[in-house]
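coords.txt (compact mmCIF, C-alpha atoms) appears below.
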```txt
# COMPACT_ATOMS: atom_id res chain seq x y z
CA MET C 19 1.08 -1.26 -16.64
CA LEU C 20 -1.49 0.03 -14.16
CA LEU C 21 -4.10 -2.34 -15.56
CA ALA C 22 -1.73 -5.32 -15.41
CA LEU C 23 -1.01 -4.52 -11.76
CA THR C 24 -4.75 -4.29 -11.13
CA VAL C 25 -5.21 -7.82 -12.49
CA VAL C 26 -2.45 -9.03 -10.14
CA GLU C 27 -4.26 -7.35 -7.24
CA VAL C 28 -7.55 -9.02 -8.14
CA GLY C 29 -5.57 -12.26 -7.94
CA SER C 30 -4.55 -11.42 -4.39
CA GLY C 31 -8.19 -10.54 -3.71
CA LEU C 32 -9.16 -14.06 -4.81
CA VAL C 33 -6.71 -15.50 -2.26
CA LEU C 34 -8.26 -13.22 0.35
CA GLY C 35 -11.74 -14.29 -0.77
CA SER C 36 -10.76 -17.93 -0.42
CA PHE C 37 -10.20 -17.53 3.33
CA GLU C 38 -13.05 -15.05 3.75
CA ALA C 39 -14.79 -17.46 6.17
CA THR C 40 -11.76 -17.59 8.52
CA LEU C 41 -11.39 -13.80 8.33
CA LEU C 42 -15.07 -13.12 9.01
CA ALA C 43 -14.91 -15.55 11.95
CA HIS C 44 -11.81 -13.90 13.50
CA PRO C 45 -12.06 -10.08 13.45
CA SER C 46 -8.52 -9.69 14.80
CA LEU C 47 -7.19 -11.37 11.64
CA LEU C 48 -9.42 -9.16 9.47
CA VAL C 49 -8.02 -6.10 11.30
CA LEU C 50 -4.52 -7.42 10.56
CA VAL C 51 -5.13 -7.57 6.77
CA PRO C 52 -4.74 -3.89 5.73
CA VAL C 53 -1.91 -3.17 8.17
CA THR C 54 0.12 -6.23 7.13
CA ILE C 55 -0.35 -5.57 3.43
CA GLY C 56 0.20 -1.84 3.93
CA THR C 57 3.34 -2.17 6.03
CA ALA C 58 4.83 -4.71 3.65
CA GLY C 59 4.13 -2.34 0.76
CA ASN C 60 5.54 0.57 2.74
CA LEU C 61 8.77 -1.22 3.60
CA GLY C 62 9.22 -2.00 -0.07
CA SER C 63 8.25 1.45 -1.28
CA ILE C 64 10.51 3.31 1.19
CA LEU C 65 13.39 1.11 0.11
CA ALA C 66 12.48 1.57 -3.57
CA SER C 67 12.11 5.31 -3.19
CA ARG C 68 15.48 5.64 -1.43
CA LEU C 69 17.23 3.41 -3.93
CA SER C 70 15.71 5.24 -6.88
CA THR C 71 16.74 8.64 -5.52
CA ALA C 72 20.27 7.30 -4.85
CA PHE C 73 20.15 5.99 -8.41
CA HIS C 74 19.06 9.38 -9.84
CA LEU C 75 21.79 11.11 -7.81
CA GLY C 76 24.32 8.56 -9.04
CA THR C 77 25.35 7.26 -5.59
CA LEU C 78 24.06 3.69 -6.03
CA SER C 79 25.94 0.69 -7.38
CA PHE C 80 24.50 -2.82 -7.65
CA ASP C 81 27.02 -4.63 -5.52
CA PRO C 82 25.91 -6.59 -2.41
CA ALA C 83 28.72 -4.83 -0.53
CA ASP C 84 27.47 -1.38 -1.61
CA ASP C 85 26.88 0.75 1.50
CA GLN C 86 23.61 2.28 0.24
CA LEU C 87 22.23 -1.08 -0.83
CA ALA C 88 23.26 -3.15 2.22
CA GLY C 89 22.49 -0.41 4.75
CA ASN C 90 18.99 0.15 3.40
CA ALA C 91 18.33 -3.60 3.28
CA VAL C 92 19.42 -4.03 6.91
CA ALA C 93 17.22 -1.08 7.97
CA THR C 94 14.21 -2.64 6.18
CA VAL C 95 14.53 -5.93 8.08
CA ALA C 96 15.16 -4.10 11.38
CA LEU C 97 12.05 -1.96 10.86
CA ALA C 98 9.92 -5.06 10.27
CA LEU C 99 11.29 -6.89 13.30
CA THR C 100 10.56 -3.96 15.61
CA LEU C 101 7.18 -2.92 14.15
CA PHE C 102 5.28 -6.15 13.53
CA PRO C 103 5.07 -7.37 17.14
CA ILE C 104 3.48 -3.99 17.97
CA VAL C 105 1.15 -4.41 14.97
CA GLY C 106 0.03 -7.75 16.42
CA VAL C 107 -0.72 -6.32 19.85
CA GLY C 108 -2.50 -3.34 18.27
CA ALA C 109 -4.64 -5.47 15.98
CA TRP C 110 -5.61 -7.78 18.82
CA GLY C 111 -6.39 -4.85 21.15
CA LEU C 112 -8.50 -2.97 18.60
CA ALA C 113 -10.36 -6.09 17.48
CA THR C 114 -11.08 -6.98 21.11
CA LEU C 115 -12.32 -3.47 21.81
CA THR C 116 -14.52 -3.14 18.74
CA GLN C 117 -15.62 -6.69 17.96
CA GLY C 118 -14.91 -8.76 21.10
CA ALA C 119 -12.03 -11.16 21.75
CA ASP C 120 -11.75 -14.10 19.40
CA LEU C 121 -8.12 -15.29 19.56
CA ALA C 122 -5.37 -15.26 22.21
CA VAL C 123 -3.12 -12.19 22.06
CA GLU C 124 -0.01 -14.41 21.65
CA THR C 125 -1.50 -16.05 18.57
CA VAL C 126 -2.11 -12.70 16.86
CA VAL C 127 1.36 -11.39 17.84
CA VAL C 128 3.07 -14.52 16.52
CA VAL C 129 1.03 -14.37 13.27
CA ALA C 130 1.98 -10.69 12.80
CA SER C 131 5.67 -11.11 13.69
CA LEU C 132 6.23 -14.17 11.56
CA SER C 133 4.43 -12.58 8.59
CA GLY C 134 6.43 -9.37 9.08
CA ALA C 135 9.82 -11.07 9.17
CA ALA C 136 9.05 -13.11 6.05
CA LEU C 137 7.69 -10.06 4.25
CA ALA C 138 10.71 -7.85 5.04
CA VAL C 139 13.09 -10.35 3.47
CA LEU C 140 10.81 -10.75 0.44
CA ALA C 141 10.43 -6.94 0.15
CA VAL C 142 14.22 -6.48 -0.01
CA VAL C 143 14.61 -9.18 -2.67
CA VAL C 144 11.75 -7.83 -4.81
CA THR C 145 12.83 -4.18 -4.50
CA VAL C 146 16.47 -4.76 -5.35
CA ALA C 147 15.50 -7.00 -8.27
CA ALA C 148 12.99 -4.45 -9.61
CA THR C 149 15.40 -1.51 -9.24
CA TYR C 150 18.11 -3.50 -10.99
CA ALA C 151 15.70 -4.44 -13.79
CA ALA C 152 14.70 -0.78 -14.24
CA TYR C 153 18.38 0.13 -14.44
CA ARG C 154 19.11 -2.59 -17.00
CA PHE C 155 16.10 -1.67 -19.17
CA GLU C 156 16.81 2.05 -18.78
CA LEU C 157 13.41 2.84 -17.26
CA ASP C 158 12.80 5.57 -14.71
CA PRO C 159 12.73 3.75 -11.36
CA ASP C 160 10.26 6.32 -9.95
CA ASP C 161 7.62 5.31 -12.49
CA VAL C 162 8.26 1.59 -12.58
CA VAL C 163 9.80 0.24 -9.40
CA ILE C 164 7.48 1.64 -6.75
CA PRO C 165 4.25 0.37 -8.36
CA VAL C 166 5.76 -3.07 -9.04
CA VAL C 167 7.21 -3.34 -5.54
CA THR C 168 4.07 -2.16 -3.76
CA ASN C 169 1.86 -4.56 -5.70
CA VAL C 170 4.13 -7.55 -5.40
CA CYS C 171 4.42 -6.83 -1.67
CA ASP C 172 0.60 -6.57 -1.44
CA VAL C 173 0.15 -9.94 -3.07
CA LEU C 174 2.96 -11.45 -1.00
CA GLY C 175 1.38 -9.86 2.08
CA VAL C 176 -1.90 -11.69 1.44
CA LEU C 177 -0.12 -14.95 0.55
CA VAL C 178 2.23 -14.84 3.56
CA LEU C 179 -0.63 -13.96 5.90
CA PHE C 180 -2.72 -16.76 4.40
CA GLY C 181 0.16 -19.22 4.86
CA VAL C 182 0.88 -18.16 8.45
CA VAL C 183 -2.83 -18.24 9.39
CA GLU C 184 -3.23 -21.73 7.87
CA LEU C 185 -0.17 -22.84 9.82
CA LEU C 186 -1.02 -21.36 13.22
CA VAL C 187 -4.75 -20.71 13.56
CA MET U 30 29.01 6.25 4.67
CA SER U 31 29.39 2.78 6.16
CA VAL U 32 26.66 0.14 5.94
CA ARG U 33 25.88 0.70 9.60
CA ALA U 34 25.61 4.48 9.18
CA VAL U 35 23.31 4.11 6.17
CA ALA U 36 21.17 1.57 8.05
CA VAL U 37 20.85 3.73 11.17
CA ASP U 38 20.08 6.77 9.03
CA ALA U 39 17.46 4.90 6.97
CA TYR U 40 15.90 3.40 10.10
CA ARG U 41 15.64 6.78 11.87
CA GLU U 42 14.22 8.47 8.81
CA ALA U 43 11.64 5.78 8.11
CA ALA U 44 10.57 4.70 11.61
CA PRO U 45 8.30 7.66 12.53
CA ALA U 46 6.47 7.68 9.18
CA LEU U 47 6.17 3.90 9.21
CA ALA U 48 4.92 3.88 12.80
CA ALA U 49 2.32 6.48 11.84
CA SER U 50 1.31 4.33 8.89
CA VAL U 51 0.96 1.31 11.19
CA VAL U 52 -1.46 3.31 13.32
CA GLY U 53 -3.33 4.30 10.16
CA GLY U 54 -3.26 0.70 8.93
CA LEU U 55 -4.75 -0.50 12.19
CA PHE U 56 -7.55 2.04 11.84
CA ALA U 57 -8.10 0.83 8.29
CA GLY U 58 -8.28 -2.66 9.82
CA VAL U 59 -10.92 -1.53 12.29
CA VAL U 60 -12.94 -0.09 9.38
CA LEU U 61 -12.54 -3.39 7.51
CA GLY U 62 -13.43 -5.32 10.68
CA GLY U 63 -16.58 -3.20 10.96
CA MET U 64 -17.42 -3.78 7.28
CA ARG U 65 -18.41 -7.38 7.76
CA GLY U 66 -22.01 -6.36 7.10
CA GLN U 67 -21.16 -4.67 3.75
CA LEU U 68 -18.88 -7.57 2.81
CA ARG U 69 -21.81 -9.95 3.24
CA ILE U 70 -24.29 -7.72 1.35
CA VAL U 71 -22.07 -7.13 -1.71
CA GLU U 72 -20.61 -10.52 -2.58
CA GLY U 73 -17.21 -10.19 -4.22
CA LEU U 74 -16.42 -6.94 -2.43
CA LEU U 75 -13.61 -8.52 -0.38
CA VAL U 76 -12.00 -9.75 -3.61
CA LEU U 77 -12.04 -6.16 -4.84
CA VAL U 78 -10.54 -4.69 -1.64
CA PRO U 79 -6.81 -5.31 -2.34
CA ALA U 80 -7.15 -4.03 -5.91
CA LEU U 81 -8.95 -0.86 -4.88
CA LEU U 82 -6.52 -0.14 -2.05
CA ALA U 83 -3.52 -0.88 -4.26
CA THR U 84 -4.84 1.37 -7.02
CA ARG U 85 -4.79 4.25 -4.55
CA GLY U 86 -1.24 3.33 -3.60
CA ASN U 87 -0.11 2.91 -7.21
CA VAL U 88 -1.61 5.99 -8.69
CA TYR U 89 -1.06 8.40 -5.83
CA GLY U 90 2.26 6.80 -4.85
CA ALA U 91 3.59 7.46 -8.36
CA PHE U 92 2.13 10.98 -8.18
CA GLY U 93 3.89 11.54 -4.84
CA ALA U 94 7.17 10.03 -6.07
CA ARG U 95 7.09 12.39 -9.06
CA LEU U 96 6.53 15.36 -6.82
CA ALA U 97 9.36 14.18 -4.55
CA THR U 98 11.84 13.73 -7.40
CA GLY U 99 10.74 17.06 -8.86
CA LEU U 100 11.39 18.75 -5.53
CA HIS U 101 14.82 17.08 -5.20
CA GLN U 102 15.77 18.22 -8.69
CA GLY U 103 14.33 21.68 -8.08
CA VAL U 104 11.89 21.63 -11.03
CA VAL U 105 8.83 21.68 -8.75
CA GLU U 106 8.42 24.49 -6.23
CA PRO U 107 6.93 23.46 -2.89
CA HIS U 108 4.02 25.91 -3.15
CA VAL U 109 0.52 25.39 -4.47
CA THR U 110 -0.10 27.98 -7.16
CA ALA U 111 -3.11 27.77 -9.42
CA GLY U 112 -0.93 28.34 -12.46
CA ASP U 113 1.48 25.46 -11.87
CA GLU U 114 0.81 23.42 -14.99
CA ARG U 115 3.12 20.58 -14.06
CA LEU U 116 1.34 20.04 -10.76
CA ARG U 117 -2.16 20.34 -12.23
CA ALA U 118 -1.42 17.97 -15.10
CA ALA U 119 0.07 15.39 -12.72
CA ALA U 120 -2.95 15.63 -10.41
CA ALA U 121 -5.45 15.31 -13.28
CA ALA U 122 -3.59 12.31 -14.71
CA ALA U 123 -3.56 10.65 -11.28
CA MET U 124 -7.32 11.16 -10.83
CA SER U 125 -8.28 9.75 -14.21
CA ASN U 126 -5.89 6.79 -13.90
CA GLY U 127 -7.35 6.07 -10.47
CA LEU U 128 -10.92 5.98 -11.81
CA ILE U 129 -10.08 3.86 -14.85
CA ALA U 130 -8.18 1.32 -12.72
CA SER U 131 -10.99 1.13 -10.13
CA VAL U 132 -13.67 0.39 -12.72
CA PHE U 133 -11.36 -2.04 -14.51
CA ALA U 134 -10.66 -3.87 -11.22
CA ALA U 135 -14.40 -4.25 -10.62
CA LEU U 136 -14.91 -5.70 -14.11
CA VAL U 137 -11.99 -8.15 -13.77
CA ALA U 138 -13.11 -9.24 -10.29
CA PHE U 139 -16.68 -9.75 -11.54
CA LEU U 140 -15.63 -11.78 -14.59
CA THR U 141 -13.17 -13.91 -12.60
CA LEU U 142 -15.74 -14.73 -9.93
CA VAL U 143 -18.32 -15.63 -12.60
CA VAL U 144 -15.82 -17.88 -14.38
CA LEU U 145 -14.87 -19.55 -11.09
CA GLY U 146 -18.55 -20.00 -10.28
CA ARG U 147 -18.20 -18.14 -6.99
CA PRO U 148 -21.07 -15.99 -5.67
CA VAL U 149 -20.91 -12.35 -6.85
CA ALA U 150 -23.13 -9.26 -6.78
CA ASP U 151 -24.36 -7.90 -10.15
CA VAL U 152 -21.82 -6.12 -12.32
CA TRP U 153 -23.36 -2.63 -12.03
CA THR U 154 -23.26 -2.78 -8.26
CA LEU U 155 -19.56 -3.67 -8.20
CA VAL U 156 -18.63 -1.13 -10.90
CA GLY U 157 -20.76 1.57 -9.27
CA VAL U 158 -19.22 0.96 -5.84
CA ALA U 159 -15.69 1.00 -7.33
CA PHE U 160 -16.38 4.23 -9.26
CA VAL U 161 -17.90 6.16 -6.37
CA ALA U 162 -15.20 4.98 -3.95
CA GLY U 163 -12.47 5.83 -6.49
CA LEU U 164 -13.80 9.34 -7.07
CA LEU U 165 -14.18 10.25 -3.40
CA SER U 166 -10.87 8.79 -2.25
CA GLY U 167 -9.09 10.28 -5.30
CA VAL U 168 -10.04 13.83 -4.33
CA ALA U 169 -9.06 13.23 -0.70
CA LEU U 170 -5.73 11.65 -1.63
CA THR U 171 -4.66 14.31 -4.12
CA VAL U 172 -5.13 16.96 -1.46
CA ALA U 173 -3.35 14.85 1.18
CA VAL U 174 -0.34 14.02 -1.00
CA VAL U 175 0.27 17.59 -2.17
CA ALA U 176 -0.20 19.02 1.33
CA VAL U 177 2.02 16.55 3.18
CA VAL U 178 4.81 16.37 0.58
CA PHE U 179 5.06 20.15 0.28
CA VAL U 180 4.80 20.90 3.98
CA GLY U 181 7.23 18.07 4.82
CA PHE U 182 9.73 19.27 2.22
CA ARG U 183 9.56 22.85 3.44
CA ARG U 184 10.26 21.63 6.99
CA GLY U 185 13.34 19.74 5.81
CA HIS U 186 12.01 16.16 5.64
CA ASN U 187 12.94 13.90 2.77
CA PRO U 188 9.73 13.64 0.68
CA ASP U 189 10.80 10.16 -0.49
CA THR U 190 10.29 8.69 2.97
CA LEU U 191 6.99 10.52 3.43
CA VAL U 192 5.25 9.50 0.21
CA GLY U 193 5.03 5.72 0.58
CA PRO U 194 3.65 5.50 4.11
CA LEU U 195 1.45 8.55 3.66
CA VAL U 196 -0.20 7.20 0.52
CA THR U 197 -0.65 3.66 1.78
CA THR U 198 -2.03 4.84 5.10
CA THR U 199 -4.38 7.57 4.06
CA GLY U 200 -5.13 5.49 0.96
CA ASP U 201 -6.24 2.54 3.07
CA VAL U 202 -8.23 4.52 5.62
CA PHE U 203 -9.87 6.78 3.00
CA GLY U 204 -10.19 3.86 0.59
CA LEU U 205 -12.07 1.66 3.05
CA ALA U 206 -14.11 4.46 4.61
CA PHE U 207 -15.21 5.69 1.17
CA LEU U 208 -15.89 2.08 0.18
CA VAL U 209 -18.44 1.92 3.01
CA VAL U 210 -19.91 5.23 1.79
CA ALA U 211 -19.96 3.94 -1.80
CA VAL U 212 -21.79 0.75 -0.79
CA ARG U 213 -24.39 2.90 0.99
CA VAL U 214 -24.75 5.22 -2.02
CA VAL U 215 -25.02 2.43 -4.59
CA VAL U 216 -26.86 -0.28 -2.66
CA GLY U 217 -28.56 1.97 -0.11
CA GLY U 218 -29.32 1.21 3.51
CA GLY U 219 -26.76 -0.72 5.58
```
Let me see whether you can do it: turn the structure in this file into structure tokens.
Amino acid sequence: MLLALTVVEVGSGLVLGSFEATLLAHPSLLVLVPVTIGTAGNLGSILASRLSTAFHLGTLSFDPADDQLAGNAVATVALALTLFPIVGVGAWGLATLTQGADLAVETVVVVASLSGAALAVLAVVVTVAATYAAYRFELDPDDVVIPVVTNVCDVLGVLVLFGVVELLV
Amino acid sequence: MSVRAVAVDAYREAAPALAASVVGGLFAGVVLGGMRGQLRIVEGLLVLVPALLATRGNVYGAFGARLATGLHQGVVEPHVTAGDERLRAAAAAAMSNGLIASVFAALVAFLTLVVLGRPVADVWTLVGVAFVAGLLSGVALTVAVVAVVFVGFRRGHNPDTLVGPLVTTTGDVFGLAFLVVAVRVVVGGG
């Protein structure tokens, strides 16, 4: 399991390696890499952790109208929409301070916000699907869901960032 | 609870930890931004970065989630005692899994880059860097996870919301910082 996830991560590394030139040329995008991947993974893992505890405590049902499920999904998207613009400003500011300005602040903020919004929606879909799969296959969600969600979100983080950068920069 | 109440509750619980992890993530970014030299010296290192960072998250995230569930169920006491077998076994398993996955990631990255015909440093350099970085960040993360989860739980925070952000943040900052150290140890100079 761990080794399979590692292979998946090397795959996301290859995507990262394929736009290494762009990243090395724009430090503010390089600064954005860990925080985008990390926050996407965090959003997914908080959601997964909450759902799996609700599941262990028996308060979760897999119905789109379920309060636990819908409430946590809404919170995940809201967190992304409020945090990622700040991430963009922060990444731009720190890159400018440490490496010198290379892109306009608006560009970095738009890249971060757009990536964040896309990732939040993807994180919800992946987490709910993985928790449901764990439930169906009678696996402990603590052991299974969080690693799957974090890794899938990592890979999606790199892919979404790559897509947004190709589109806007 | 209504959807709105659950959402507001989840948002309030997660926002501070997530904001802290954003700050940590930005610092990790600054470390990565400053690693351009190392990234150029050790070709293939950037390909390895997501795998190494994720390994920290996977291994120590699972370790943290186990501690959190154990605390919720009352089978783990929130105190560090030398005799706590459950805690020691979980920590030892996390460390060895972390090292195996790091070395494995280096091997897979090396082989893939060779097959794709992309430039790559020699295999011992990549494996050595992954091993040293895995060992150093593993020790740091085990201590961080146990400390924060226990202290947070004793102060009435939900350990579930602490584990994810804590591990990804400290994992990324430690992971990248120790990666720089590992490149210096294995390759020298820089």
Within 8 Å of range 46-70 of chain U, which residues of range 88-176 of chain C show up? Give each one with its shortest atom-to-atom distance in Å (one decimal) and the two atoms involved, counting all atoms listed in the file, rows by chain then rising residue number, as a tab-separated table.
```
residue	atom	partner	partner_atom	distance
C:Leu101	CA	U:Ala48	CA	7.3
C:Val105	CA	U:Val51	CA	6.9
C:Gly108	CA	U:Leu55	CA	7.1
C:Ala109	CA	U:Leu55	CA	6.3
C:Leu112	CA	U:Val59	CA	6.9
C:Ala113	CA	U:Val59	CA	6.9
C:Thr116	CA	U:Val59	CA	7.6
C:Gln117	CA	U:Gly62	CA	7.7
```
Using all atoms listed in the file, which residues of chain C come within 8 Å of chain U, and what is the closest atom pair for each, with the distance in Å to one decimal? Give it as JSON lines, sorted by chain and residue number.
```
{"residue": "C:Leu20", "atom": "CA", "partner": "U:Ala130", "partner_atom": "CA", "distance": 7.0}
{"residue": "C:Leu21", "atom": "CA", "partner": "U:Ala130", "partner_atom": "CA", "distance": 6.2}
{"residue": "C:Thr24", "atom": "CA", "partner": "U:Ala80", "partner_atom": "CA", "distance": 5.8}
{"residue": "C:Val25", "atom": "CA", "partner": "U:Ala134", "partner_atom": "CA", "distance": 6.8}
{"residue": "C:Glu27", "atom": "CA", "partner": "U:Ala80", "partner_atom": "CA", "distance": 4.6}
{"residue": "C:Val28", "atom": "CA", "partner": "U:Ala80", "partner_atom": "CA", "distance": 5.5}
{"residue": "C:Ser30", "atom": "CA", "partner": "U:Pro79", "partner_atom": "CA", "distance": 6.8}
{"residue": "C:Gly31", "atom": "CA", "partner": "U:Val76", "partner_atom": "CA", "distance": 3.9}
{"residue": "C:Leu32", "atom": "CA", "partner": "U:Val76", "partner_atom": "CA", "distance": 5.3}
{"residue": "C:Val33", "atom": "CA", "partner": "U:Val76", "partner_atom": "CA", "distance": 7.9}
{"residue": "C:Leu34", "atom": "CA", "partner": "U:Val76", "partner_atom": "CA", "distance": 6.5}
{"residue": "C:Gly35", "atom": "CA", "partner": "U:Val76", "partner_atom": "CA", "distance": 5.4}
{"residue": "C:Glu38", "atom": "CA", "partner": "U:Leu75", "partner_atom": "CA", "distance": 7.7}
{"residue": "C:Leu42", "atom": "CA", "partner": "U:Arg65", "partner_atom": "CA", "distance": 6.8}
{"residue": "C:Pro45", "atom": "CA", "partner": "U:Gly62", "partner_atom": "CA", "distance": 5.7}
{"residue": "C:Ser46", "atom": "CA", "partner": "U:Gly62", "partner_atom": "CA", "distance": 7.8}
{"residue": "C:Leu48", "atom": "CA", "partner": "U:Gly62", "partner_atom": "CA", "distance": 5.7}
{"residue": "C:Val49", "atom": "CA", "partner": "U:Gly58", "partner_atom": "CA", "distance": 3.8}
{"residue": "C:Leu50", "atom": "CA", "partner": "U:Gly58", "partner_atom": "CA", "distance": 6.1}
{"residue": "C:Val51", "atom": "CA", "partner": "U:Gly58", "partner_atom": "CA", "distance": 6.6}
{"residue": "C:Pro52", "atom": "CA", "partner": "U:Gly58", "partner_atom": "CA", "distance": 5.5}
{"residue": "C:Val53", "atom": "CA", "partner": "U:Gly54", "partner_atom": "CA", "distance": 4.2}
{"residue": "C:Thr54", "atom": "CA", "partner": "U:Gly54", "partner_atom": "CA", "distance": 7.9}
{"residue": "C:Gly56", "atom": "CA", "partner": "U:Thr197", "partner_atom": "CA", "distance": 6.0}
{"residue": "C:Thr57", "atom": "CA", "partner": "U:Val51", "partner_atom": "CA", "distance": 6.7}
{"residue": "C:Gly59", "atom": "CA", "partner": "U:Thr197", "partner_atom": "CA", "distance": 7.7}
{"residue": "C:Asn60", "atom": "CA", "partner": "U:Pro194", "partner_atom": "CA", "distance": 5.5}
{"residue": "C:Ser63", "atom": "CA", "partner": "U:Gly193", "partner_atom": "CA", "distance": 5.7}
{"residue": "C:Ile64", "atom": "CA", "partner": "U:Thr190", "partner_atom": "CA", "distance": 5.7}
{"residue": "C:Ser67", "atom": "CA", "partner": "U:Asp189", "partner_atom": "CA", "distance": 5.7}
{"residue": "C:Arg68", "atom": "CA", "partner": "U:Asp189", "partner_atom": "CA", "distance": 6.6}
{"residue": "C:Thr71", "atom": "CA", "partner": "U:Thr98", "partner_atom": "CA", "distance": 7.3}
{"residue": "C:Asp84", "atom": "CA", "partner": "U:Val32", "partner_atom": "CA", "distance": 7.7}
{"residue": "C:Asp85", "atom": "CA", "partner": "U:Val32", "partner_atom": "CA", "distance": 4.5}
{"residue": "C:Gln86", "atom": "CA", "partner": "U:Val35", "partner_atom": "CA", "distance": 6.2}
{"residue": "C:Ala88", "atom": "CA", "partner": "U:Val32", "partner_atom": "CA", "distance": 6.0}
{"residue": "C:Gly89", "atom": "CA", "partner": "U:Ala36", "partner_atom": "CA", "distance": 4.1}
{"residue": "C:Asn90", "atom": "CA", "partner": "U:Ala36", "partner_atom": "CA", "distance": 5.3}
{"residue": "C:Ala91", "atom": "CA", "partner": "U:Ala36", "partner_atom": "CA", "distance": 7.6}
{"residue": "C:Val92", "atom": "CA", "partner": "U:Ala36", "partner_atom": "CA", "distance": 6.0}
{"residue": "C:Ala93", "atom": "CA", "partner": "U:Ala36", "partner_atom": "CA", "distance": 4.8}
{"residue": "C:Thr94", "atom": "CA", "partner": "U:Tyr40", "partner_atom": "CA", "distance": 7.4}
{"residue": "C:Ala96", "atom": "CA", "partner": "U:Tyr40", "partner_atom": "CA", "distance": 7.6}
{"residue": "C:Leu97", "atom": "CA", "partner": "U:Tyr40", "partner_atom": "CA", "distance": 6.6}
{"residue": "C:Leu101", "atom": "CA", "partner": "U:Ala48", "partner_atom": "CA", "distance": 7.3}
{"residue": "C:Val105", "atom": "CA", "partner": "U:Val51", "partner_atom": "CA", "distance": 6.9}
{"residue": "C:Gly108", "atom": "CA", "partner": "U:Leu55", "partner_atom": "CA", "distance": 7.1}
{"residue": "C:Ala109", "atom": "CA", "partner": "U:Leu55", "partner_atom": "CA", "distance": 6.3}
{"residue": "C:Leu112", "atom": "CA", "partner": "U:Val59", "partner_atom": "CA", "distance": 6.9}
{"residue": "C:Ala113", "atom": "CA", "partner": "U:Val59", "partner_atom": "CA", "distance": 6.9}
{"residue": "C:Thr116", "atom": "CA", "partner": "U:Val59", "partner_atom": "CA", "distance": 7.6}
{"residue": "C:Gln117", "atom": "CA", "partner": "U:Gly62", "partner_atom": "CA", "distance": 7.7}
{"residue": "C:Asp160", "atom": "CA", "partner": "U:Ala94", "partner_atom": "CA", "distance": 6.2}
{"residue": "C:Asp161", "atom": "CA", "partner": "U:Ala91", "partner_atom": "CA", "distance": 6.2}
{"residue": "C:Ile164", "atom": "CA", "partner": "U:Ala91", "partner_atom": "CA", "distance": 7.2}
{"residue": "C:Pro165", "atom": "CA", "partner": "U:Asn87", "partner_atom": "CA", "distance": 5.2}
{"residue": "C:Thr168", "atom": "CA", "partner": "U:Asn87", "partner_atom": "CA", "distance": 7.4}
{"residue": "C:Asn169", "atom": "CA", "partner": "U:Ala83", "partner_atom": "CA", "distance": 6.7}
{"residue": "C:Asp172", "atom": "CA", "partner": "U:Ala83", "partner_atom": "CA", "distance": 7.6}
```
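With only C-alpha atoms taken into account, the protein and nucleic acid residues at most 7 Å from Ala138 in chain C (excluding it and anything under 6 positions from it in its own chain) are Ala58, Thr94, Val95 and Ala98 of chain C.
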- prompt: For the atom pair CA of Leu47 in chain C and CA of Arg213 in chain U, what is the interatomic distance in Å to one decimal place?
  reply: 24.8 Å
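The interatomic distance for the pair CA of Ser70 in chain C and CA of Gly29 in chain C works out to 27.6 Å.
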Within 10 Å of Val161 in chain U using all atoms listed in the file, minus same-chain residues under 2 positions, as an mmCIF file with C-alpha atoms, in the coordinates of the input:
```cif
data_model
loop_
_atom_site.group_PDB
_atom_site.id
_atom_site.type_symbol
_atom_site.label_atom_id
_atom_site.label_comp_id
_atom_site.auth_asym_id
_atom_site.auth_seq_id
_atom_site.Cartn_x
_atom_site.Cartn_y
_atom_site.Cartn_z
ATOM 1 C CA LEU U 128 -10.920 5.980 -11.810
ATOM 2 C CA SER U 131 -10.990 1.130 -10.130
ATOM 3 C CA VAL U 132 -13.670 0.390 -12.720
ATOM 4 C CA VAL U 156 -18.630 -1.130 -10.900
ATOM 5 C CA GLY U 157 -20.760 1.570 -9.270
ATOM 6 C CA VAL U 158 -19.220 0.960 -5.840
ATOM 7 C CA ALA U 159 -15.690 1.000 -7.330
ATOM 8 C CA GLY U 163 -12.470 5.830 -6.490
ATOM 9 C CA LEU U 164 -13.800 9.340 -7.070
ATOM 10 C CA LEU U 165 -14.180 10.250 -3.400
ATOM 11 C CA SER U 166 -10.870 8.790 -2.250
ATOM 12 C CA GLY U 167 -9.090 10.280 -5.300
ATOM 13 C CA PHE U 207 -15.210 5.690 1.170
ATOM 14 C CA LEU U 208 -15.890 2.080 0.180
ATOM 15 C CA VAL U 210 -19.910 5.230 1.790
ATOM 16 C CA ALA U 211 -19.960 3.940 -1.800
ATOM 17 C CA VAL U 212 -21.790 0.750 -0.790
ATOM 18 C CA VAL U 214 -24.750 5.220 -2.020
ATOM 19 C CA VAL U 215 -25.020 2.430 -4.590
#
```
